[in-house]
$ cat model_36.csv   # CSV, C-alpha atoms
chain,number,residue,atom,x,y,z
A,442,MET,CA,-12.3,-21.1,-29.5
A,443,GLN,CA,-15.3,-19.5,-27.8
A,444,PRO,CA,-15.6,-19.9,-24.0
A,445,GLN,CA,-18.5,-22.1,-23.0
A,446,SER,CA,-20.5,-22.2,-19.8
A,447,SER,CA,-20.7,-25.4,-17.9
A,448,MET,CA,-24.3,-24.5,-17.0
A,449,PRO,CA,-27.2,-24.8,-19.5
A,450,GLU,CA,-28.7,-21.6,-20.8
A,451,ASP,CA,-31.9,-20.6,-19.0
A,452,PRO,CA,-34.1,-18.6,-21.2
A,453,SER,CA,-35.6,-16.8,-18.2
A,454,GLN,CA,-32.2,-15.3,-17.5
A,455,THR,CA,-31.9,-13.6,-20.8
A,456,SER,CA,-35.4,-13.1,-22.2
A,457,ASP,CA,-36.0,-9.9,-20.3
A,458,PHE,CA,-33.6,-8.2,-22.7
A,459,ASN,CA,-33.7,-8.9,-26.4
A,460,HIS,CA,-30.6,-9.3,-28.6
A,461,GLU,CA,-30.7,-5.5,-29.4
A,462,ALA,CA,-29.4,-4.9,-25.8
A,463,ASN,CA,-26.3,-7.0,-26.4
A,464,PRO,CA,-24.1,-4.1,-27.4
A,465,LEU,CA,-24.9,-2.4,-24.1
A,466,TRP,CA,-24.0,-5.4,-22.0
A,467,SER,CA,-21.0,-6.2,-24.2
A,468,LEU,CA,-19.7,-2.7,-23.4
A,469,TYR,CA,-20.3,-3.3,-19.7
A,470,SER,CA,-18.5,-6.7,-19.9
A,471,GLU,CA,-15.5,-5.1,-21.7
A,472,LYS,CA,-15.2,-2.2,-19.2
A,473,ALA,CA,-15.7,-4.6,-16.2
A,474,LYS,CA,-13.0,-6.9,-17.5
A,475,ASP,CA,-10.5,-4.1,-17.9
A,476,TYR,CA,-11.4,-2.7,-14.5
A,477,ASP,CA,-11.2,-6.0,-12.7
A,478,ALA,CA,-8.1,-7.1,-14.5
A,479,ALA,CA,-6.2,-3.9,-13.5
A,480,LYS,CA,-7.4,-4.1,-9.9
A,481,ILE,CA,-6.7,-7.8,-9.6
A,482,GLU,CA,-3.3,-7.6,-11.2
A,483,ASN,CA,-2.3,-5.1,-8.6
A,484,LEU,CA,-3.6,-7.3,-5.8
A,485,THR,CA,-1.9,-10.5,-7.1
A,486,GLU,CA,1.5,-8.7,-7.5
A,487,GLY,CA,1.2,-7.4,-4.0
A,488,MET,CA,0.3,-10.9,-2.7
A,489,THR,CA,3.3,-12.4,-4.5
A,490,GLY,CA,5.6,-10.0,-2.8
A,491,VAL,CA,4.0,-10.8,0.6
A,492,LEU,CA,4.6,-14.5,0.0
A,493,LEU,CA,8.2,-14.0,-0.9
A,494,PHE,CA,8.8,-11.7,2.1
A,495,ALA,CA,6.9,-14.0,4.5
A,496,GLY,CA,9.0,-17.0,3.4
A,497,LEU,CA,12.3,-15.1,3.8
A,498,PHE,CA,11.2,-13.6,7.1
A,499,ALA,CA,10.2,-17.0,8.6
A,500,ALA,CA,13.5,-18.5,7.5
A,501,VAL,CA,15.4,-15.7,9.3
A,502,LEU,CA,13.2,-15.7,12.4
A,503,THR,CA,13.2,-19.5,13.0
A,504,PRO,CA,16.9,-19.8,14.0
A,505,PHE,CA,16.4,-17.0,16.6
A,506,ILE,CA,13.4,-18.8,18.0
A,507,VAL,CA,15.2,-22.1,18.2
A,508,ASP,CA,18.0,-20.5,20.1
A,509,ARG,CA,15.9,-18.5,22.6
A,510,VAL,CA,13.2,-21.1,23.2
A,511,GLN,CA,15.9,-23.0,25.3
A,512,THR,CA,15.7,-20.2,27.9
A,513,ILE,CA,12.2,-21.2,28.8
A,514,GLN,CA,12.9,-24.9,28.8
A,515,VAL,CA,14.7,-27.1,31.4
A,516,THR,CA,18.4,-27.1,30.5
A,517,PRO,CA,20.7,-30.2,30.7
A,518,ALA,CA,22.5,-28.6,33.6
A,519,GLN,CA,19.3,-28.2,35.6
A,520,GLN,CA,18.4,-31.8,34.8
A,521,MET,CA,21.8,-32.9,36.1
A,522,VAL,CA,21.4,-31.0,39.4
A,523,PHE,CA,17.9,-32.5,39.8
A,524,HIS,CA,19.2,-36.1,39.4
A,525,GLU,CA,22.1,-35.4,41.8
A,526,GLN,CA,19.6,-34.2,44.4
A,527,GLN,CA,17.5,-37.4,43.9
A,528,SER,CA,20.7,-39.5,44.2
A,529,VAL,CA,21.6,-37.9,47.5
A,530,GLU,CA,18.1,-38.4,48.9
A,531,LEU,CA,18.1,-42.0,47.8
A,532,LEU,CA,21.5,-42.6,49.6
A,533,LYS,CA,20.0,-41.0,52.7
A,534,GLN,CA,17.1,-43.4,52.6
A,535,ILE,CA,19.4,-46.4,52.2
A,536,SER,CA,21.4,-45.1,55.1
A,537,ALA,CA,18.3,-44.8,57.3
A,538,GLN,CA,17.3,-48.3,56.5
A,539,LEU,CA,20.7,-49.6,57.4
A,540,SER,CA,20.7,-47.7,60.6
A,541,SER,CA,17.7,-49.5,61.8
A,542,ALA,CA,19.9,-52.6,62.2
A,543,PHE,CA,22.3,-50.7,64.3
A,544,PRO,CA,20.4,-48.5,66.7
A,545,GLN,CA,23.5,-47.0,68.2
A,546,ALA,CA,24.4,-45.4,64.9
A,547,SER,CA,23.0,-41.9,64.5
A,548,VAL,CA,21.8,-41.2,61.0
A,549,PRO,CA,19.8,-38.1,60.1
A,550,SER,CA,16.3,-38.8,58.8
A,551,PRO,CA,16.1,-38.6,55.0
A,552,SER,CA,14.0,-36.0,53.2
A,553,PRO,CA,11.4,-37.0,50.7
A,554,LEU,CA,12.5,-37.3,47.1
A,555,PRO,CA,11.9,-34.1,45.1
A,556,PRO,CA,8.9,-34.6,42.8
A,557,LEU,CA,9.5,-34.5,39.0
A,558,SER,CA,7.2,-31.4,38.8
A,559,SER,CA,9.9,-29.4,40.7
A,560,LEU,CA,12.1,-29.7,37.6
A,561,THR,CA,11.1,-26.4,36.0
A,562,ALA,CA,12.9,-23.7,34.1
A,563,ASN,CA,13.5,-20.3,35.7
A,564,PRO,CA,13.6,-17.8,32.7
A,565,SER,CA,14.2,-14.2,33.3
A,566,PRO,CA,11.4,-11.6,32.4
A,567,SER,CA,13.4,-10.6,29.4
A,568,ASP,CA,13.5,-14.2,28.1
A,569,LYS,CA,9.8,-14.5,28.5
A,570,ARG,CA,9.1,-11.2,26.6
A,571,VAL,CA,11.5,-12.1,23.8
A,572,ASN,CA,9.9,-15.5,23.2
A,573,VAL,CA,6.4,-14.1,23.3
A,574,LEU,CA,7.3,-11.4,20.7
A,575,TRP,CA,9.1,-13.7,18.4
A,576,PHE,CA,6.5,-16.5,18.5
A,577,ILE,CA,3.7,-13.9,17.8
A,578,SER,CA,5.8,-12.5,15.0
A,579,LEU,CA,6.2,-16.0,13.4
A,580,ILE,CA,2.4,-16.6,13.7
A,581,LEU,CA,1.6,-13.3,12.0
A,582,SER,CA,4.0,-13.9,9.1
A,583,LEU,CA,2.6,-17.4,8.5
A,584,SER,CA,-1.0,-16.0,8.7
A,585,ALA,CA,-0.1,-13.3,6.2
A,586,ALA,CA,1.2,-16.0,3.8
A,587,LEU,CA,-2.0,-18.0,4.2
A,588,LEU,CA,-4.2,-14.9,3.6
A,589,ALA,CA,-2.1,-14.0,0.5
A,590,THR,CA,-2.8,-17.4,-1.0
A,591,LEU,CA,-6.5,-17.0,-0.3
A,592,VAL,CA,-6.5,-13.6,-2.0
A,593,GLN,CA,-4.7,-15.0,-5.0
A,594,ARG,CA,-7.2,-17.9,-5.2
A,595,TRP,CA,-10.1,-15.5,-5.1
A,596,ALA,CA,-8.5,-13.4,-7.9
A,597,ARG,CA,-8.2,-16.4,-10.1
A,598,ARG,CA,-11.8,-17.5,-9.5
A,599,HIS,CA,-13.1,-14.0,-10.1
A,600,MET,CA,-11.4,-13.6,-13.5
A,601,GLN,CA,-12.6,-17.0,-14.6
A,602,ILE,CA,-16.1,-15.7,-15.1
A,603,PHE,CA,-14.9,-13.7,-18.2
A,604,LEU,CA,-13.7,-16.9,-19.8
A,605,ARG,CA,-16.5,-19.1,-18.7
A,606,TYR,CA,-19.6,-17.2,-20.0
A,607,LYS,CA,-20.1,-15.9,-23.5
A,608,ASN,CA,-23.6,-14.4,-23.2
A,609,PRO,CA,-22.9,-10.7,-22.4
A,610,LEU,CA,-26.1,-10.2,-20.3
A,611,ARG,CA,-25.5,-13.3,-18.2
A,612,LEU,CA,-21.8,-12.4,-17.8
A,613,SER,CA,-22.7,-8.9,-16.7
A,614,ARG,CA,-25.2,-10.0,-14.1
A,615,ILE,CA,-22.9,-12.6,-12.6
A,616,ARG,CA,-20.0,-10.1,-12.5
A,617,GLN,CA,-22.2,-7.4,-10.9
A,618,TYR,CA,-23.4,-9.9,-8.3
A,619,LEU,CA,-19.8,-10.8,-7.4
A,620,HIS,CA,-18.6,-7.2,-7.5
A,621,GLU,CA,-21.3,-6.1,-5.1
A,622,GLY,CA,-20.2,-8.8,-2.7
A,623,VAL,CA,-16.6,-7.7,-3.0
A,624,GLU,CA,-17.6,-4.1,-2.2
A,625,HIS,CA,-19.9,-5.2,0.7
A,626,TRP,CA,-17.3,-7.3,2.4
A,627,HIS,CA,-14.5,-4.8,1.9
A,628,MET,CA,-12.2,-7.1,-0.1
A,629,ALA,CA,-9.8,-4.3,-0.8
A,630,ALA,CA,-9.4,-3.6,3.0
A,631,ILE,CA,-8.8,-7.3,3.6
A,632,ALA,CA,-6.1,-7.3,0.9
A,633,GLU,CA,-4.6,-4.2,2.4
A,634,ALA,CA,-4.4,-5.9,5.8
A,635,VAL,CA,-2.2,-8.7,4.5
A,636,PRO,CA,1.0,-6.7,4.2
A,637,ALA,CA,0.0,-5.0,7.4
A,638,LEU,CA,0.4,-8.3,9.2
A,639,ILE,CA,3.9,-8.7,7.8
A,640,HIS,CA,4.8,-5.2,9.0
A,641,ILE,CA,3.5,-5.9,12.5
A,642,ALA,CA,5.5,-9.2,12.6
A,643,LEU,CA,8.7,-7.3,11.6
A,644,PHE,CA,8.2,-4.7,14.3
A,645,LEU,CA,7.6,-7.4,16.9
A,646,PHE,CA,10.8,-9.1,15.9
A,647,MET,CA,12.7,-5.9,16.1
A,648,PHE,CA,11.3,-5.1,19.6
A,649,GLY,CA,12.3,-8.6,20.8
A,650,LEU,CA,15.7,-8.3,19.3
A,651,ALA,CA,16.2,-4.9,21.1
A,652,ASP,CA,15.1,-6.4,24.4
A,653,PHE,CA,17.4,-9.4,24.0
A,654,LEU,CA,20.5,-7.4,23.1
A,655,MET,CA,19.9,-4.8,25.8
A,656,HIS,CA,19.8,-7.5,28.5
A,657,THR,CA,22.8,-9.3,26.9
A,658,ASP,CA,25.3,-6.5,26.1
A,659,VAL,CA,24.5,-2.8,26.2
A,660,THR,CA,27.4,-2.0,24.0
A,661,VAL,CA,25.9,-4.1,21.2
A,662,GLY,CA,22.3,-3.3,22.1
A,663,ALA,CA,22.5,0.5,22.1
A,664,PRO,CA,23.5,1.0,18.5
A,665,THR,CA,20.9,-1.6,17.4
A,666,VAL,CA,18.1,0.1,19.3
A,667,PHE,CA,19.1,3.4,17.8
A,668,PHE,CA,18.6,2.2,14.2
A,669,ILE,CA,15.4,0.4,15.2
A,670,VAL,CA,14.0,3.7,16.6
A,671,LEU,CA,15.2,5.5,13.4
A,672,TYR,CA,13.4,2.9,11.3
A,673,CYS,CA,10.2,3.2,13.4
A,674,ALA,CA,10.3,7.0,13.1
A,675,PHE,CA,10.6,6.7,9.3
A,676,TYR,CA,7.7,4.2,9.2
A,677,ALA,CA,5.6,6.5,11.3
A,678,ALA,CA,6.3,9.3,8.9
A,679,THR,CA,5.2,7.2,5.9
A,680,THR,CA,2.0,6.5,7.8
A,681,ILE,CA,1.1,10.0,9.0
A,682,VAL,CA,2.4,12.3,6.3
A,683,PRO,CA,0.3,10.9,3.4
A,684,VAL,CA,-2.8,11.8,5.4
A,685,SER,CA,-1.9,15.5,5.7
A,686,LYS,CA,0.1,15.7,2.4
A,687,PRO,CA,-1.8,13.5,-0.1
A,688,GLN,CA,1.0,14.0,-2.7
A,689,PHE,CA,3.5,12.2,-0.5
A,690,PRO,CA,4.5,9.2,-2.6
A,691,LEU,CA,5.1,6.7,0.2
A,692,ARG,CA,2.4,5.2,2.4
A,693,SER,CA,2.1,2.3,4.7
A,694,PRO,CA,-1.0,-0.1,5.0
A,695,PHE,CA,-2.0,1.8,8.1
A,696,SER,CA,-2.3,5.1,6.2
A,697,VAL,CA,-5.6,3.9,4.7
A,698,MET,CA,-7.0,3.4,8.2
A,699,LEU,CA,-5.6,6.7,9.4
A,700,TRP,CA,-7.1,8.5,6.4
A,701,PHE,CA,-10.5,7.0,7.1
A,702,LEU,CA,-10.4,8.2,10.7
A,703,ALA,CA,-9.0,11.6,9.7
A,704,GLN,CA,-12.0,12.4,7.5
A,705,TRP,CA,-14.1,12.7,10.7
A,706,PHE,CA,-11.9,15.0,12.8
A,707,PRO,CA,-12.4,17.3,10.9
A,708,CYS,CA,-13.5,16.4,7.4
A,709,ARG,CA,-11.3,17.6,4.6
A,710,LEU,CA,-13.2,19.5,1.8
A,711,TYR,CA,-12.5,19.9,-1.9
A,712,ARG,CA,-14.1,22.0,-4.6
A,713,ASP,CA,-15.8,20.0,-7.4
A,714,HIS,CA,-16.3,21.1,-11.0
A,715,ASP,CA,-19.5,22.9,-10.1
A,716,GLY,CA,-17.7,25.0,-7.5
A,717,LYS,CA,-19.3,23.3,-4.6
A,718,MET,CA,-17.4,22.3,-1.5
A,719,LYS,CA,-17.7,18.6,-0.8
A,720,PRO,CA,-16.1,16.3,1.7
A,721,VAL,CA,-13.2,14.2,0.5
A,722,SER,CA,-13.9,10.5,0.1
A,723,GLN,CA,-13.1,8.2,3.0
A,724,ASN,CA,-11.4,5.9,0.6
A,725,MET,CA,-7.8,7.1,0.3
A,726,GLY,CA,-7.4,6.4,-3.4
A,727,ASP,CA,-10.6,8.1,-4.3
A,728,GLY,CA,-9.8,11.1,-2.0
A,729,GLN,CA,-6.4,11.6,-3.7
A,730,MET,CA,-8.2,11.6,-7.1
A,731,GLU,CA,-10.7,14.2,-6.0
A,732,LEU,CA,-8.0,16.5,-4.7
A,733,ALA,CA,-6.0,16.0,-7.9
A,734,LEU,CA,-9.0,17.1,-10.0
A,735,GLU,CA,-10.1,19.9,-7.7
A,736,THR,CA,-11.0,23.1,-9.4
A,737,LYS,CA,-8.5,25.7,-8.1
A,738,PRO,CA,-5.5,27.7,-9.5
A,739,LEU,CA,-3.1,25.0,-8.4
A,740,ARG,CA,-4.6,22.6,-10.9
A,741,ARG,CA,-4.0,25.1,-13.7
A,742,TYR,CA,-0.3,25.4,-12.6
A,743,ARG,CA,-0.1,21.6,-12.7
A,744,ASP,CA,-1.6,21.5,-16.2
A,745,ARG,CA,1.0,24.1,-17.3
A,746,ARG,CA,3.9,22.0,-15.8
A,747,ALA,CA,2.4,18.9,-17.4
A,748,ILE,CA,2.6,20.5,-20.8
A,749,ALA,CA,6.1,21.7,-20.0
A,750,TRP,CA,7.1,18.2,-19.2
A,751,LEU,CA,5.6,16.9,-22.4
A,752,VAL,CA,7.5,19.4,-24.5
A,753,GLY,CA,10.7,18.5,-22.7
A,754,ASP,CA,10.1,14.8,-23.2
A,755,LEU,CA,9.5,14.9,-27.0
A,756,THR,CA,12.5,13.6,-28.9
A,757,GLU,CA,11.3,13.0,-32.4
A,758,ASP,CA,10.0,15.5,-35.0
A,759,VAL,CA,7.0,13.3,-35.6
A,760,GLU,CA,6.1,13.5,-31.9
A,761,MET,CA,6.6,17.3,-32.0
A,762,GLU,CA,4.3,17.6,-35.0
A,763,SER,CA,1.5,15.6,-33.3
A,764,PHE,CA,1.9,17.8,-30.3
A,765,ALA,CA,1.7,21.0,-32.4
A,766,LEU,CA,-1.5,19.7,-34.1
A,767,SER,CA,-3.1,19.1,-30.7
A,768,ILE,CA,-2.4,22.7,-29.4
A,769,PRO,CA,-5.2,24.6,-31.1
A,770,GLY,CA,-7.9,22.4,-29.5
A,771,SER,CA,-6.6,23.3,-26.0
A,772,PHE,CA,-7.3,27.0,-26.6
A,773,ASN,CA,-11.0,26.5,-27.0
A,774,PRO,CA,-12.1,26.6,-23.3
A,775,GLU,CA,-11.3,29.6,-21.1
A,776,TRP,CA,-9.3,27.3,-18.8
A,777,GLY,CA,-7.0,26.3,-21.7
A,778,VAL,CA,-6.4,30.0,-22.6
A,779,ARG,CA,-5.4,30.7,-19.0
A,780,VAL,CA,-3.1,27.6,-18.9
A,781,TRP,CA,-1.3,28.8,-22.0
A,782,GLY,CA,-1.3,32.4,-20.9
A,783,ARG,CA,1.6,34.1,-19.1
A,784,ARG,CA,-0.3,35.7,-16.2
A,785,THR,CA,-3.3,35.0,-14.2
A,786,ASN,CA,-5.7,37.1,-12.1
A,787,GLU,CA,-4.2,38.4,-8.9
A,788,SER,CA,-7.0,36.6,-7.0
A,789,ASP,CA,-5.7,33.3,-8.1
A,790,GLY,CA,-2.4,33.7,-6.3
A,791,ASN,CA,1.0,33.7,-7.8
A,792,GLN,CA,2.7,30.9,-5.9
A,793,ASP,CA,2.4,27.2,-6.2
A,794,GLU,CA,2.7,25.7,-2.7
A,795,TYR,CA,3.9,22.4,-4.1
A,796,SER,CA,6.8,23.9,-6.1
A,797,PRO,CA,8.6,26.6,-3.9
A,798,GLY,CA,10.1,29.2,-6.0
A,799,LEU,CA,8.1,28.6,-9.1
A,800,THR,CA,5.9,31.5,-9.9
A,801,VAL,CA,3.5,32.3,-12.8
A,802,ASP,CA,5.8,35.0,-14.1
A,803,ASN,CA,8.7,32.7,-14.8
A,804,TYR,CA,6.9,29.5,-15.8
A,805,ASP,CA,8.0,29.8,-19.4
A,806,THR,CA,11.6,28.9,-18.3
A,807,LEU,CA,10.3,25.4,-17.9
A,808,TYR,CA,10.2,24.9,-21.6
A,809,PRO,CA,13.6,23.8,-23.0
A,810,PRO,CA,14.7,26.4,-25.6
A,811,SER,CA,15.6,23.7,-28.3
A,812,ARG,CA,12.3,21.9,-28.0
A,813,LEU,CA,10.3,25.2,-27.9
A,814,GLY,CA,12.2,26.6,-30.9
A,815,THR,CA,11.3,23.5,-32.9
A,816,LEU,CA,7.7,23.7,-31.8
A,817,LEU,CA,7.4,27.3,-32.8
A,818,ASN,CA,8.8,26.6,-36.3
A,819,LEU,CA,6.3,23.8,-36.7
A,820,LEU,CA,3.4,26.0,-35.6
A,821,GLY,CA,4.5,28.7,-38.0
A,822,SER,CA,4.8,26.3,-40.9
A,823,MET,CA,1.3,24.9,-40.3
A,824,GLY,CA,-0.3,28.4,-40.1
A,825,ILE,CA,-1.3,28.0,-36.5
A,826,PRO,CA,-1.9,31.5,-34.9
A,827,ILE,CA,0.9,32.5,-32.6
A,828,GLY,CA,1.0,35.4,-30.3
A,829,ASP,CA,-1.9,37.8,-30.0
A,830,ASN,CA,-4.1,36.1,-32.6
A,831,SER,CA,-5.4,33.2,-30.6
A,832,PRO,CA,-8.3,31.0,-31.8
A,833,THR,CA,-10.6,32.3,-29.2
A,834,GLY,CA,-9.9,36.0,-29.9
A,835,THR,CA,-8.3,36.4,-26.4
A,836,PRO,CA,-5.0,38.1,-26.5
A,837,LEU,CA,-2.2,35.7,-25.7
A,838,PRO,CA,1.4,36.4,-25.0
A,839,PRO,CA,3.8,35.8,-27.9
A,840,MET,CA,5.2,32.3,-27.7
A,841,ARG,CA,8.9,32.5,-28.2
A,842,ALA,CA,11.9,30.6,-27.0
A,843,PRO,CA,12.8,32.1,-23.6
A,844,THR,CA,16.1,33.6,-22.9
A,845,ILE,CA,17.8,31.8,-20.0
A,846,SER,CA,20.7,33.3,-18.4
A,847,ARG,CA,23.3,30.7,-17.6
A,848,PRO,CA,26.1,31.1,-15.0
$ encode --input "model_36.csv" --output "structure tokens"
Amino acid sequence: MQPQSSMPEDPSQTSDFNHEANPLWSLYSEKAKDYDAAKIENLTEGMTGVLLFAGLFAAVLTPFIVDRVQTIQVTPAQQMVFHEQQSVELLKQISAQLSSAFPQASVPSPSPLPPLSSLTANPSPSDKRVNVLWFISLILSLSAALLATLVQRWARRHMQIFLRYKNPLRLSRIRQYLHEGVEHWHMAAIAEAVPALIHIALFLFMFGLADFLMHTDVTVGAPTVFFIVLYCAFYAATTIVPVSKPQFPLRSPFSVMLWFLAQWFPCRLYRDHDGKMKPVSQNMGDGQMELALETKPLRRYRDRRAIAWLVGDLTEDVEMESFALSIPGSFNPEWGVRVWGRRTNESDGNQDEYSPGLTVDNYDTLYPPSRLGTLLNLLGSMGIPIGDNSPTGTPLPPMRAPTISRP
């Protein structure tokens, strides 16, 4: 069943392109749908996790708040003392009235009754801090849950346009209009801020817990504070390290903000495919992509290790045959020759900073002997040049199964 639009077709919206342009806009629609689907799927999965964590966190935090909120309220004991004081003052007033009938009796003058406003709690500074931290933590967790539902609702509405409209030009224009709004209002940054609220709420709860335990029992509070500090240090590392080491796999929501600020003081540079030095993007994901594709010897070493990983992961002869057939095409450019070669120029350097101990001279030990032996047999049977007779005429080292000394 073809998706239909609830709005009537307006010829003025599609007459500026004739039907011959439909393949272009159909291609745009397909690419945009794949792009948006991948991006929104990532967002919705993250929001689902936020909703689950926010619900569990609020359920854990609420009993703590119910218990500690009593410290900033008037307790039953305080109410009893207040009513006893009122009873004493009332008895004094009755005695004073009776003494007026017997002037010879000396009765002290009664004090005025304490006002109801004098019945107030006297919480300690620690109790006040703990309640403030935990109430803010609860508010932030509920706010994160609310924002997560808004993001999910936006994601559903955004993807509905691909089901609602069938005219490729109309669909493309509407999608581009909405996409520019998403980029202008930094929807990605808003979505990134949702888990950040949960993280802040968790830290506030931990700080309040540490304050409460340290003022209740130091023996219990000291070990708790130690692990809280340990966790905070680890979280700080996951925030800071990805900015200086972009290959670090973990990162917190605040790493994106720190990356953005770090590009100004000073700006990190990378070498593009034209050999020009350019500043890395202020977007963390785009910046990591630019550094991964940067033209430098380290990229050649990564290409080499990628091929080594592929060889080691092949398990079937059919896969090995497909791999062998794809090898000759990788020798065509000079870069491919240098990737497959055994040595590089001295100016390129001989050490990969991301793999200590791995040098260009011993890279061939990465290839498993059993897989490499099978590969060489396939190459020989298919007549693919091996050794010094490369397709480009550039001498290559003989490809042979390496000899690995085992202890």
$ residues_around --input "model_36.csv" --residues "A:Leu643" --least-positions-apart "2" --cutoff "12 Å" --atoms "only C-alpha atoms" --output "MDAnalysis selection string"
chainID A and resid 494:495 497:499 501:502 574:582 585 636:641 645:650 669 672:673 676
$ closest_residue --input "model_36.csv" --among "A:Trp466, A:Phe458, A:Ala473, A:Ser767" --to "A:Pro609" --atoms "all atoms listed in the file"
A:Trp466
$ closest_residue --input "model_36.csv" --among "A:Trp705, A:Lys569, A:Gly496, A:Pro464" --to "A:Val510" --atoms "all atoms listed in the file"
A:Lys569
$ closest_residue --input "model_36.csv" --among "A:Thr485, A:Gln729, A:Ser771, A:Ser696" --to "A:Arg594" --atoms "only C-alpha atoms"
A:Thr485
$ closest_residue --input "model_36.csv" --among "A:Ile481, A:Ala642, A:Val759, A:Ala630" --to "A:Ala596" --atoms "only C-alpha atoms"
A:Ile481
$ residues_around --input "model_36.csv" --residues "A:Phe653" --least-positions-apart "2" --cutoff "10 Å" --atoms "only C-alpha atoms" --output "PyMOL selection string"
chain A and resi 509+567-568+570-572+647-651+655-659+662
$ atom_distance --input "model_36.csv" --atom1 "atom CA of A:Pro683" --atom2 "atom CA of A:Ala634"
17.6 Å
$ residues_around --input "model_36.csv" --residues "A:Gln593" --least-positions-apart "4" --cutoff "12 Å" --atoms "only C-alpha atoms" --output "list in words"
Ile481, Glu482, Asn483, Leu484, Thr485, Glu486, Gly487, Met488, Thr489, Gly490, Val491, Leu492, Ala586, Leu587, Leu588, Ala589, Arg597, Arg598, His599, Met600, Met628, Ala632 and Val635 of chain A
$ closest_residue --input "model_36.csv" --among "A:Tyr476, A:Asn563, A:Gln617, A:Val682" --to "A:Gln511" --atoms "all atoms listed in the file"
A:Asn563
$ residues_around --input "model_36.csv" --residues "A:Asn463" --least-positions-apart "5" --cutoff "12 Å" --atoms "only C-alpha atoms" --output "PyMOL selection string"
chain A and resi 455-458+468-471+607-613
$ atom_distance --input "model_36.csv" --atom1 "atom CA of A:Thr680" --atom2 "atom CA of A:Met698"
9.5 Å
